[in-house]
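Dumped data25.pdb below, it's PDB, C-alpha atoms:
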ATOM      1  CA  MET W 702      23.829  10.542 -16.686
ATOM      2  CA  ILE W 703      26.472  10.363 -19.409
ATOM      3  CA  ARG W 704      26.821   6.589 -18.947
ATOM      4  CA  SER W 705      23.045   6.124 -19.396
ATOM      5  CA  GLY W 706      23.152   8.117 -22.613
ATOM      6  CA  ILE W 707      25.994   5.995 -23.959
ATOM      7  CA  ALA W 708      24.134   2.807 -23.084
ATOM      8  CA  LEU W 709      21.008   4.129 -24.793
ATOM      9  CA  CYS W 710      22.973   5.002 -27.945
ATOM     10  CA  ILE W 711      24.637   1.594 -28.032
ATOM     11  CA  GLY W 712      21.224  -0.048 -27.657
ATOM     12  CA  LEU W 713      19.896   1.919 -30.606
ATOM     13  CA  VAL W 714      22.855   0.975 -32.822
ATOM     14  CA  VAL W 715      22.435  -2.709 -32.024
ATOM     15  CA  ALA W 716      18.683  -2.607 -32.695
ATOM     16  CA  ALA W 717      18.974  -0.474 -35.845
ATOM     17  CA  PRO W 718      19.874  -3.057 -38.510
ATOM     18  CA  VAL W 719      16.504  -4.803 -38.607
ATOM     19  CA  ALA W 720      14.296  -1.734 -38.198
ATOM     20  CA  ALA W 721      16.211   0.823 -40.274
ATOM     21  CA  GLN W 722      17.261  -1.068 -43.382
ATOM     22  CA  THR W 723      15.100  -2.009 -46.310
ATOM     23  CA  MET W 724      14.683  -5.770 -46.409
ATOM     24  CA  LEU W 725      14.997  -7.480 -49.760
ATOM     25  CA  GLY W 726      13.449 -10.702 -50.953
ATOM     26  CA  SER W 727      10.126 -12.491 -50.993
ATOM     27  CA  ASP W 728      10.381 -13.098 -47.216
ATOM     28  CA  ALA W 729      10.987  -9.424 -46.313
ATOM     29  CA  ALA W 730       7.830  -9.190 -44.174
ATOM     30  CA  ALA W 731       9.181 -11.889 -41.832
ATOM     31  CA  CYS W 732      12.091  -9.582 -40.871
ATOM     32  CA  GLN W 733       9.981  -6.590 -39.917
ATOM     33  CA  PRO W 734       9.815  -5.679 -36.203
ATOM     34  CA  GLY W 735       7.759  -8.301 -34.413
ATOM     35  CA  GLY W 736       8.326 -10.816 -37.231
ATOM     36  CA  GLY W 737      10.097 -14.106 -37.274
ATOM     37  CA  PRO W 738      11.354 -16.631 -36.984
ATOM     38  CA  ALA W 739      13.622 -15.352 -39.733
ATOM     39  CA  ILE W 740      17.202 -14.427 -40.573
ATOM     40  CA  ALA W 741      18.124 -10.904 -41.728
ATOM     41  CA  VAL W 742      21.407 -11.205 -43.629
ATOM     42  CA  GLU W 743      23.508  -8.052 -43.929
ATOM     43  CA  ILE W 744      25.824  -8.567 -46.907
ATOM     44  CA  SER W 745      29.127  -6.783 -47.453
ATOM     45  CA  GLY W 746      32.180  -7.244 -49.663
ATOM     46  CA  LEU W 747      30.344  -7.590 -52.962
ATOM     47  CA  LYS W 748      32.774  -7.533 -55.879
ATOM     48  CA  ASP W 749      30.284  -5.555 -57.965
ATOM     49  CA  ARG W 750      26.555  -4.911 -58.292
ATOM     50  CA  THR W 751      25.795  -7.298 -61.154
ATOM     51  CA  GLY W 752      23.677 -10.436 -61.367
ATOM     52  CA  GLU W 753      21.666 -11.720 -58.430
ATOM     53  CA  LEU W 754      22.016 -12.670 -54.785
ATOM     54  CA  LYS W 755      20.669 -15.929 -53.450
ATOM     55  CA  LEU W 756      20.176 -17.220 -49.910
ATOM     56  CA  GLU W 757      19.592 -20.916 -49.334
ATOM     57  CA  LEU W 758      18.498 -22.431 -46.046
ATOM     58  CA  TYR W 759      19.445 -26.037 -45.242
ATOM     59  CA  PRO W 760      19.026 -28.323 -42.247
ATOM     60  CA  GLY W 761      21.889 -27.878 -39.762
ATOM     61  CA  GLU W 762      23.289 -31.370 -40.411
ATOM     62  CA  GLU W 763      26.444 -32.212 -42.389
ATOM     63  CA  ALA W 764      24.645 -34.992 -44.311
ATOM     64  CA  ASP W 765      22.027 -32.525 -45.642
ATOM     65  CA  PHE W 766      24.266 -29.511 -46.241
ATOM     66  CA  LEU W 767      24.326 -28.391 -49.908
ATOM     67  CA  LYS W 768      22.184 -31.344 -51.014
ATOM     68  CA  ASP W 769      19.963 -30.877 -54.037
ATOM     69  CA  ASP W 770      16.788 -29.038 -53.078
ATOM     70  CA  SER W 771      14.525 -31.642 -54.698
ATOM     71  CA  VAL W 772      16.105 -34.395 -52.556
ATOM     72  CA  LEU W 773      15.631 -32.395 -49.348
ATOM     73  CA  ILE W 774      12.046 -31.428 -50.171
ATOM     74  CA  ALA W 775      11.144 -35.010 -51.157
ATOM     75  CA  ALA W 776      12.488 -36.187 -47.773
ATOM     76  CA  GLY W 777      10.402 -33.556 -45.938
ATOM     77  CA  LYS W 778      13.497 -31.662 -44.796
ATOM     78  CA  THR W 779      14.003 -27.921 -44.532
ATOM     79  CA  PHE W 780      14.967 -26.082 -47.701
ATOM     80  CA  ARG W 781      14.198 -22.501 -48.650
ATOM     81  CA  ARG W 782      15.596 -20.156 -51.298
ATOM     82  CA  VAL W 783      15.316 -16.400 -51.714
ATOM     83  CA  THR W 784      16.723 -14.753 -54.860
ATOM     84  CA  VAL W 785      16.899 -11.031 -55.662
ATOM     85  CA  PRO W 786      18.604  -8.890 -58.297
ATOM     86  CA  THR W 787      21.768  -7.379 -56.804
ATOM     87  CA  PRO W 788      20.851  -3.820 -55.735
ATOM     88  CA  ALA W 789      22.668  -1.136 -57.738
ATOM     89  CA  THR W 790      23.612   0.851 -54.609
ATOM     90  CA  GLY W 791      23.170   1.050 -50.878
ATOM     91  CA  PRO W 792      23.137  -1.467 -48.057
ATOM     92  CA  THR W 793      22.149  -4.997 -48.942
ATOM     93  CA  THR W 794      20.031  -6.901 -46.413
ATOM     94  CA  LEU W 795      18.121 -10.014 -47.413
ATOM     95  CA  CYS W 796      15.510 -11.782 -45.346
ATOM     96  CA  ILE W 797      14.771 -15.493 -45.269
ATOM     97  CA  ARG W 798      12.128 -17.007 -43.034
ATOM     98  CA  VAL W 799      12.655 -20.276 -41.219
ATOM     99  CA  PRO W 800       9.993 -22.855 -40.306
ATOM    100  CA  LYS W 801      10.653 -22.687 -36.537
ATOM    101  CA  PRO W 802      13.402 -21.640 -34.120
ATOM    102  CA  GLY W 803      16.438 -23.921 -34.297
ATOM    103  CA  ARG W 804      19.820 -24.523 -35.940
ATOM    104  CA  TYR W 805      20.093 -24.114 -39.708
ATOM    105  CA  ALA W 806      22.809 -23.836 -42.351
ATOM    106  CA  LEU W 807      22.738 -20.734 -44.551
ATOM    107  CA  LEU W 808      24.494 -20.204 -47.893
ATOM    108  CA  LEU W 809      24.838 -16.876 -49.735
ATOM    109  CA  THR W 810      25.828 -16.837 -53.392
ATOM    110  CA  HIS W 811      26.460 -13.886 -55.703
ATOM    111  CA  ASN W 812      25.628 -15.112 -59.203
ATOM    112  CA  ARG W 813      27.528 -12.558 -61.281
ATOM    113  CA  ASP W 814      27.528 -14.306 -64.658
ATOM    114  CA  GLY W 815      23.761 -14.713 -65.100
ATOM    115  CA  LYS W 816      23.890 -18.517 -65.235
ATOM    116  CA  ASN W 817      21.921 -20.581 -62.761
ATOM    117  CA  LYS W 818      24.955 -22.629 -61.714
ATOM    118  CA  PHE W 819      27.732 -21.599 -59.320
ATOM    119  CA  SER W 820      31.015 -20.835 -61.093
ATOM    120  CA  VAL W 821      34.081 -20.627 -58.869
ATOM    121  CA  TRP W 822      35.711 -18.481 -61.592
ATOM    122  CA  THR W 823      33.166 -15.650 -61.524
ATOM    123  CA  ASP W 824      30.674 -16.027 -58.679
ATOM    124  CA  GLY W 825      30.968 -15.317 -54.964
ATOM    125  CA  ALA W 826      29.794 -17.150 -51.865
ATOM    126  CA  GLY W 827      29.615 -16.638 -48.132
ATOM    127  CA  PHE W 828      28.596 -18.215 -44.851
ATOM    128  CA  ALA W 829      27.719 -16.944 -41.402
ATOM    129  CA  SER W 830      31.141 -17.835 -39.915
ATOM    130  CA  ASN W 831      32.904 -15.560 -42.438
ATOM    131  CA  ALA W 832      35.898 -17.922 -42.291
ATOM    132  CA  LYS W 833      37.975 -17.937 -45.474
ATOM    133  CA  LEU W 834      36.493 -20.626 -47.690
ATOM    134  CA  GLY W 835      39.689 -21.680 -49.477
ATOM    135  CA  ARG W 836      39.564 -24.464 -52.064
ATOM    136  CA  SER W 837      37.784 -27.285 -50.272
ATOM    137  CA  ARG W 838      34.077 -28.016 -49.997
ATOM    138  CA  PRO W 839      32.697 -26.034 -47.036
ATOM    139  CA  LYS W 840      31.626 -27.828 -43.871
ATOM    140  CA  VAL W 841      28.235 -27.274 -42.272
ATOM    141  CA  ALA W 842      29.929 -25.746 -39.192
ATOM    142  CA  GLN W 843      30.891 -22.712 -41.329
ATOM    143  CA  ALA W 844      27.261 -22.088 -42.224
ATOM    144  CA  LEU W 845      25.393 -22.708 -38.959
ATOM    145  CA  VAL W 846      23.012 -20.110 -37.569
ATOM    146  CA  GLU W 847      21.012 -20.433 -34.340
ATOM    147  CA  VAL W 848      17.617 -18.850 -34.951
ATOM    148  CA  GLY W 849      15.295 -17.771 -32.148
ATOM    149  CA  ALA W 850      11.589 -16.929 -32.242
ATOM    150  CA  GLY W 851      12.215 -13.420 -33.632
ATOM    151  CA  VAL W 852      14.598 -12.056 -36.256
ATOM    152  CA  THR W 853      18.221 -13.215 -36.067
ATOM    153  CA  VAL W 854      20.673 -10.778 -37.674
ATOM    154  CA  VAL W 855      23.706 -12.280 -39.420
ATOM    155  CA  HIS W 856      26.515 -10.485 -41.242
ATOM    156  CA  ILE W 857      28.062 -12.269 -44.240
ATOM    157  CA  THR W 858      31.069 -11.038 -46.206
ATOM    158  CA  ALA W 859      31.018 -12.308 -49.799
ATOM    159  CA  GLN W 860      34.118 -14.198 -50.971
ATOM    160  CA  TYR W 861      35.503 -14.657 -54.487
ATOM    161  CA  LEU W 862      38.331 -16.562 -56.177
ATOM    162  CA  ARG W 863      41.656 -15.149 -54.988
ATOM    163  CA  GLY W 864      44.370 -16.877 -57.012
ATOM    164  CA  LEU W 865      45.535 -20.337 -55.981
ATOM    165  CA  GLY W 866      44.329 -19.829 -52.390
ATOM    166  CA  GLY W 867      40.694 -20.393 -53.321
ATOM    167  CA  LEU W 868      37.805 -18.209 -52.203
ATOM    168  CA  GLY W 869      38.382 -15.302 -49.847
ATOM    169  CA  PRO W 870      37.183 -11.735 -49.183
ATOM    170  CA  ILE W 871      38.231  -9.207 -51.824
ATOM    171  CA  GLY W 872      39.286  -6.560 -49.280
TER     172      GLY W 872
END

Have the structure of the file written as structure tokens, please.
Amino acid sequence: MIRSGIALCIGLVVAAPVAAQTMLGSDAAACQPGGGPAIAVEISGLKDRTGELKLELYPGEEADFLKDDSVLIAAGKTFRRVTVPTPATGPTTLCIRVPKPGRYALLLTHNRDGKNKFSVWTDGAGFASNAKLGRSRPKVAQALVEVGAGVTVVHITAQYLRGLGGLGPIG
């Protein structure tokens, strides 16, 4: 009997992130129970609560990763962006819908300085792998997410400039 109770509790903890947290972003409805295909991104490690958070969805191919959105859209390839003001407090979970189940690349940026261009000096970034980004251009393998028919939950830790070592978590 005790083992069944533990299993039930573990099941509830695993299922809780999508149902219990408030989803942010224009695609929030896609991450509600029964929704999808979509990615619910739980974000941690924010340096502060300024500026805005942005999720960008790319095709899961190296050649298309981080390409200009107008180029991808003109070629009929997947690109989607969700931007929200950084919440002042509480958990931060953004939702981004995907066109169909499959493999995609996902980029999180924390635009702290209010400019619409990433600045390595002030802004943060993160990918699904949560590997330390360092100083080189990220590879698509760091950003890949396999998305099923429902809601795929991903945890991303934001990373910021950490001296000469490049981008890394602030903790």

I'd like the residues picked by the PyMOL selection byres ((chain W and resi 794-799) around 8) written out as a list in words, using the chain letters and numbers from the file.
Gln722, Thr723, Met724, Leu725, Gly726, Ser727, Asp728, Ala729, Ala731, Cys732, Gly737, Pro738, Ala739, Ile740, Ala741, Val742, Glu743, Ile744, Leu756, Leu758, Arg781, Arg782, Val783, Pro792, Thr793, Pro800, Lys801 and Pro802 of chain W

Which residues, written as a list of chain:residue names, have at least one atom at most 8 Å from Pro870 of chain W, with all atoms listed in the file counted and residues fewer than 2 positions away on the same chain left out?
W:Gly746, W:Lys833, W:Thr858, W:Ala859, W:Gln860, W:Tyr861, W:Leu868, W:Gly872

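Distance-wise, atom CA of Leu808 of chain W and atom CA of Asn831 of chain W end up 11.0 Å apart.
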
Apply the PyMOL selection byres ((chain W and resi 811) around 10) to the displayed file and report the matching residues as a compact mmCIF listing (two decimals) with C-alpha atoms, in the frame of the given file.
# COMPACT_ATOMS: atom_id res chain seq x y z
CA LEU W 747 30.34 -7.59 -52.96
CA LYS W 748 32.77 -7.53 -55.88
CA ASP W 749 30.28 -5.56 -57.96
CA ARG W 750 26.56 -4.91 -58.29
CA THR W 751 25.80 -7.30 -61.15
CA GLY W 752 23.68 -10.44 -61.37
CA GLU W 753 21.67 -11.72 -58.43
CA LEU W 754 22.02 -12.67 -54.78
CA LYS W 755 20.67 -15.93 -53.45
CA LEU W 756 20.18 -17.22 -49.91
CA THR W 784 16.72 -14.75 -54.86
CA VAL W 785 16.90 -11.03 -55.66
CA PRO W 786 18.60 -8.89 -58.30
CA THR W 787 21.77 -7.38 -56.80
CA LEU W 809 24.84 -16.88 -49.74
CA THR W 810 25.83 -16.84 -53.39
CA ASN W 812 25.63 -15.11 -59.20
CA ARG W 813 27.53 -12.56 -61.28
CA ASP W 814 27.53 -14.31 -64.66
CA GLY W 815 23.76 -14.71 -65.10
CA PHE W 819 27.73 -21.60 -59.32
CA SER W 820 31.02 -20.84 -61.09
CA THR W 823 33.17 -15.65 -61.52
CA ASP W 824 30.67 -16.03 -58.68
CA GLY W 825 30.97 -15.32 -54.96
CA ALA W 826 29.79 -17.15 -51.86
CA GLY W 827 29.62 -16.64 -48.13
CA ALA W 859 31.02 -12.31 -49.80
CA GLN W 860 34.12 -14.20 -50.97
CA TYR W 861 35.50 -14.66 -54.49

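Closest approach to Val848 of chain W among W:Ala806, W:Ala789, W:Ala730, W:Val772: W:Ala806, based on all atoms listed in the file.
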